[in-house]
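This is entry-v2.txt (compact mmCIF, C-alpha atoms and all ligand atoms).
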```txt
# COMPACT_ATOMS: atom_id res chain seq x y z
CA MET L 28 -77.38 -91.83 -105.05
CA PRO L 29 -80.10 -93.56 -103.01
CA ALA L 30 -83.63 -92.78 -104.15
CA PRO L 31 -85.50 -90.34 -101.90
CA ALA L 32 -88.73 -91.44 -100.23
CA ASP L 33 -92.22 -91.01 -101.66
CA LEU L 34 -91.33 -91.17 -105.32
CA ARG L 35 -94.61 -92.65 -106.44
CA VAL L 36 -97.73 -92.37 -108.51
CA ALA L 37 -100.83 -94.51 -107.97
CA LEU L 38 -99.54 -97.79 -109.38
CA ALA L 39 -95.80 -97.31 -109.61
CA CYS L 40 -92.96 -96.07 -107.48
CA VAL L 41 -89.20 -95.86 -107.25
CA PRO L 42 -88.44 -97.90 -104.14
CA THR L 43 -86.98 -95.71 -101.41
CA GLY L 44 -83.22 -96.12 -101.27
CA ALA L 45 -83.10 -97.88 -104.63
CA ASP L 46 -79.97 -97.38 -106.66
CA VAL L 47 -80.41 -94.31 -108.86
CA LYS L 48 -77.81 -93.57 -111.47
CA LEU L 49 -77.36 -89.85 -111.81
CA THR L 50 -75.16 -87.90 -114.14
CA VAL L 51 -75.05 -84.17 -113.64
CA LEU L 52 -73.42 -81.40 -115.56
CA LEU L 53 -73.08 -78.04 -113.81
CA GLU L 54 -72.54 -74.86 -115.76
CA ALA L 55 -71.95 -71.48 -114.19
CA VAL L 56 -74.10 -68.86 -115.86
CA SER L 57 -74.61 -65.25 -114.90
CA GLU L 58 -77.84 -65.90 -112.94
CA GLY L 59 -76.55 -68.95 -111.09
CA VAL L 60 -75.88 -72.53 -112.02
CA LEU L 61 -77.47 -74.40 -114.89
CA VAL L 62 -77.86 -78.05 -114.01
CA THR L 63 -78.27 -80.64 -116.72
CA GLY L 64 -78.94 -84.07 -115.35
CA GLU L 65 -79.73 -87.54 -116.51
CA ALA L 66 -81.00 -90.18 -114.17
CA SER L 67 -82.00 -93.77 -114.38
CA ALA L 68 -84.04 -95.32 -111.60
CA PRO L 69 -85.67 -98.69 -111.03
CA VAL L 70 -89.48 -98.69 -110.87
CA THR L 71 -91.72 -101.23 -109.26
CA GLY L 72 -95.45 -101.24 -109.68
CA GLU L 73 -98.62 -103.18 -110.11
CA CYS L 74 -99.95 -104.16 -113.49
CA ALA L 75 -102.89 -101.86 -114.19
CA ARG L 76 -104.85 -104.75 -115.66
CA CYS L 77 -104.07 -107.78 -113.51
CA LEU L 78 -102.29 -106.33 -110.42
CA GLU L 79 -99.26 -108.60 -110.80
CA PRO L 80 -96.06 -106.92 -109.64
CA THR L 81 -94.12 -105.20 -112.41
CA ALA L 82 -90.50 -104.12 -112.54
CA SER L 83 -89.07 -101.65 -115.00
CA SER L 84 -87.02 -98.49 -114.97
CA VAL L 85 -87.30 -94.87 -115.95
CA ASP L 86 -84.75 -92.71 -117.64
CA VAL L 87 -85.21 -89.00 -117.22
CA ALA L 88 -83.38 -85.91 -118.27
CA PHE L 89 -83.79 -82.55 -116.67
CA ARG L 90 -82.37 -79.10 -116.98
CA GLU L 91 -82.83 -76.55 -114.24
CA LEU L 92 -81.48 -73.14 -113.50
CA TYR L 93 -80.52 -72.66 -109.87
CA GLU L 94 -80.43 -68.94 -109.23
CA HIS L 95 -78.04 -67.60 -106.64
CA ASP L 96 -79.82 -65.15 -104.47
CA ASP L 97 -80.82 -66.19 -100.97
CA ALA L 98 -82.94 -63.08 -100.52
CA ARG L 99 -85.08 -63.98 -103.50
CA TYR L 100 -85.36 -67.54 -102.24
CA GLU L 101 -87.03 -66.25 -99.07
CA GLU L 102 -89.34 -64.13 -101.22
CA ALA L 103 -90.32 -66.89 -103.58
CA GLY L 104 -91.04 -69.37 -100.81
CA ASP L 105 -91.52 -73.07 -101.25
CA ASP L 106 -94.36 -72.86 -103.76
CA SER L 107 -92.16 -71.34 -106.39
CA ASP L 108 -91.13 -73.30 -109.44
CA ARG L 109 -87.89 -71.41 -109.39
CA ARG L 110 -84.92 -73.05 -107.80
CA PHE L 111 -82.23 -71.33 -105.84
CA LEU L 112 -78.79 -72.09 -104.60
CA ARG L 113 -78.64 -72.22 -100.83
CA GLY L 114 -75.29 -70.64 -100.21
CA ASP L 115 -72.96 -73.00 -102.03
CA LEU L 116 -75.38 -75.88 -101.84
CA LEU L 117 -77.49 -77.06 -104.67
CA ASP L 118 -80.38 -79.35 -103.82
CA LEU L 119 -80.85 -81.66 -106.76
CA GLU L 120 -83.59 -83.73 -105.20
CA PRO L 121 -86.56 -81.52 -106.17
CA ALA L 122 -85.46 -81.37 -109.80
CA PHE L 123 -84.88 -85.11 -109.89
CA ARG L 124 -88.18 -85.77 -108.12
CA ASP L 125 -90.20 -83.61 -110.53
CA ALA L 126 -88.66 -85.29 -113.55
CA VAL L 127 -89.15 -88.81 -112.23
CA VAL L 128 -92.73 -88.36 -111.02
CA LEU L 129 -93.66 -87.16 -114.50
CA ALA L 130 -91.93 -90.15 -116.04
CA LEU L 131 -93.47 -92.83 -113.84
CA PRO L 132 -95.96 -94.96 -115.75
CA LEU L 133 -99.56 -94.21 -114.77
CA ALA L 134 -100.72 -97.59 -116.03
CA PRO L 135 -97.82 -100.04 -115.84
CA LEU L 136 -98.42 -103.42 -117.45
CA CYS L 137 -96.79 -106.73 -116.53
CA ARG L 138 -96.44 -107.23 -120.27
CA PRO L 139 -97.70 -105.19 -123.21
CA ASP L 140 -100.44 -107.67 -124.13
CA CYS L 141 -101.64 -108.42 -120.60
CA ALA L 142 -105.18 -109.74 -120.92
CA GLY L 143 -106.12 -108.59 -117.43
CA LEU L 144 -108.56 -110.35 -115.15
CA CYS L 145 -111.68 -112.33 -115.98
CA ALA L 146 -114.62 -109.99 -115.52
CA GLU L 147 -116.69 -112.90 -114.24
CA CYS L 148 -114.50 -114.65 -111.66
CA GLY L 149 -111.43 -112.37 -111.34
CA VAL L 150 -108.89 -115.03 -112.30
CA ARG L 151 -105.81 -113.74 -114.13
CA LEU L 152 -106.51 -114.61 -117.76
CA ALA L 153 -102.81 -115.21 -118.50
CA ASP L 154 -102.88 -117.98 -115.86
CA ALA L 155 -106.30 -119.33 -116.79
CA GLY L 156 -105.41 -119.94 -120.43
CA PRO L 157 -107.11 -118.84 -123.64
CA GLY L 158 -110.07 -121.20 -123.29
CA HIS L 159 -111.26 -119.63 -120.05
CA ASP L 160 -114.83 -118.35 -120.23
CA HIS L 161 -118.12 -118.52 -118.41
CA ASP L 162 -120.70 -119.78 -120.85
CA SER L 163 -123.42 -120.42 -118.33
CA ALA L 164 -125.70 -122.12 -120.88
CA PRO L 165 -123.84 -125.32 -121.82
CA ASP L 166 -123.21 -125.83 -125.49
CA PRO L 167 -125.90 -128.25 -126.77
CA ARG L 168 -123.22 -130.38 -128.46
CA TRP L 169 -121.56 -131.00 -125.08
CA ALA L 170 -124.93 -131.87 -123.57
CA ARG L 171 -125.35 -134.52 -126.29
CA LEU L 172 -121.89 -135.92 -125.54
CA ARG L 173 -122.70 -136.17 -121.86
CA GLU L 174 -125.82 -138.16 -122.68
CA LEU L 175 -123.77 -140.47 -124.86
CA ASP L 176 -121.23 -140.94 -122.05
CA MET L 177 -123.93 -141.77 -119.57
CA GLY L 178 -125.45 -144.20 -122.02
CA ARG L 179 -122.10 -145.97 -122.41
CA GLU L 180 -121.71 -146.22 -118.64
CA ARG L 181 -125.13 -147.81 -118.38
CA ARG L 182 -124.25 -150.33 -121.05
CA ASN L 183 -120.92 -151.10 -119.35
CA GLY L 184 -122.72 -151.58 -116.09
CA ALA L 185 -125.17 -153.94 -117.75
CA SER L 186 -122.41 -156.05 -119.31
CA ALA L 187 -120.62 -156.26 -115.97
CA VAL L 188 -123.77 -157.61 -114.42
CA ASP L 189 -124.05 -160.02 -117.39
CA GLY L 190 -120.45 -161.12 -116.73
CA GLN L 191 -121.23 -161.91 -113.09
CA GLU L 192 -124.21 -163.92 -114.10
CA ALA L 193 -122.23 -165.97 -116.64
ZN ZN I 201 -100.87 -107.86 -116.14
ZN ZN I 202 -113.49 -116.47 -115.12
```
As structure tokens, how would this structure be written, given the file I've shared?
Ligand SMILES: [Zn+2]
Ligand SMILES: [Zn+2]
Amino acid sequence: MPAPADLRVALACVPTGADVKLTVLLEAVSEGVLVTGEASAPVTGECARCLEPTASSVDVAFRELYEHDDARYEEAGDDSDRRFLRGDLLDLEPAFRDAVVLALPLAPLCRPDCAGLCAECGVRLADAGPGHDHDSAPDPRWARLRELDMGRERRNGASAVDGQEA
């Protein structure tokens, strides 16, 4: 069946119209119909740490009793957790929706060890590489190296001048 609209939590949703695999078993019981369903739906979302798009799926199982009594349906109204058969019709969508919304990941991750974003500059740490950091005070050893480099340049410059003179 196509996924109904608005199946979402903050960072994840089942895309509307996405292909949902649904297996349903209906059993007649004295109060109505007992519905046992299993569904598998694709989920897209945003990584809770780095906001990269994520793609996964949810598998849910649900079991609901649909009571047959239209009069009681009117009584119970829409707020009721109880489900009712409407004549011969059985609306599976609310049961499916409730099960899926509970199963959607509240904090989806692009991968289990996602390092998230750099707190300093916001770059995605997985892209920036493990050496990425913001040590504002330069390491004294690097400062020494820079001095050495500059010294070598000066010497090279001097020898070039020497070469021209020769
Ligand atoms: Zn991520
Ligand atoms: Zn950074």
Review point. Given a cut-off of 12 Å, what residues near ligand ZN 201 (chain I) show up using all atoms listed in the file, put as number ranges by chain?
Key: L: 72-82, 134-145, 150-154
Exercise for review: Name the residues in contact with Arg124 in chain L at a cut-off of 12 Å, using only C-alpha atoms, excluding same-chain residues fewer than 5 positions from it; report them as a list of chain:residue names.
Suggested key: L:Ala30, L:Pro31, L:Ala32, L:Asp33, L:Leu34, L:Arg35, L:Val36, L:Cys40, L:Val41, L:Val47, L:Gly64, L:Ala66, L:Ser67, L:Ala68, L:Val87, L:Ala88, L:Phe89, L:Asp118, L:Leu119, L:Leu129, L:Ala130, L:Leu131
Check your understanding: In file coordinates, which residues lie within 10 Å of (-83.1, -75.5, -116.6) using all atoms listed in the file, given as a PyMOL selection string?
Key -> chain L and resi 60-64+89-93+109-110+122
**Study point:** Pick from L:Glu58, L:Glu120, L:Glu65, L:Asp125 nearest to Glu94 in chain L, counting only C-alpha atoms
**Key:** L:Glu58
Exercise for review: Please measure the separation of CA of Asp162 in chain L and CA of Ala146 in chain L, giving the value in Å to one decimal.
Suggested key: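 About the pair CA of Asp162 in chain L and CA of Ala146 in chain L: they are 12.7 Å apart.
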Check your understanding: Which residue, L:Ala45, L:Cys148, L:Phe111, L:Gly158, has the smallest gap to ligand ZN 202 (chain I) when you use all atoms listed in the file?
Key ->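 Of the candidates, the smallest distance to ligand ZN 202 (chain I) is held by L:Cys148.
With distances restricted to all atoms listed in the file, L:Gly59 is the closest residue to Gly114 in chain L from L:Leu52, L:Val127, L:His159, L:Gly59.
CA of Thr71 in chain L lies 8.5 Å from CA of Leu38 in chain L.
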Each side padded by 4 Å, which centre and which edge lengths in Å (one decimal) define the axis-aligned box around the listed atoms of range 111-125 of chain L? Give them as lines of an AutoDock Vina configuration file.
```
center_x = -81.6
center_y = -78.2
center_z = -105.4
size_x = 25.2
size_y = 23.1
size_z = 18.3
```
Study note, to complete from the structure: Among L:Gly149, L:Gly44, L:Pro121, L:Pro132, ligand ZN 202 (chain I) is approached most closely, using only C-alpha atoms and all ligand atoms, by L:Gly149
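One finds CA of Val56 in chain L at 26.2 Å from CA of Asp86 in chain L.
Shortest separation to Leu112 in chain L among L:Glu147, L:Ser84, L:Pro69, L:Ala55 occurs at residue L:Ala55, atoms counted being only C-alpha atoms.
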Point to revise | For ligand ZN 202 (chain I), the nearest of the candidates L:Val85, L:Leu133, L:Ala155, L:Ala37, counting all atoms listed in the file | key: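 Once distances to ligand ZN 202 (chain I) are computed over all atoms listed in the file, the minimum belongs to L:Ala155.
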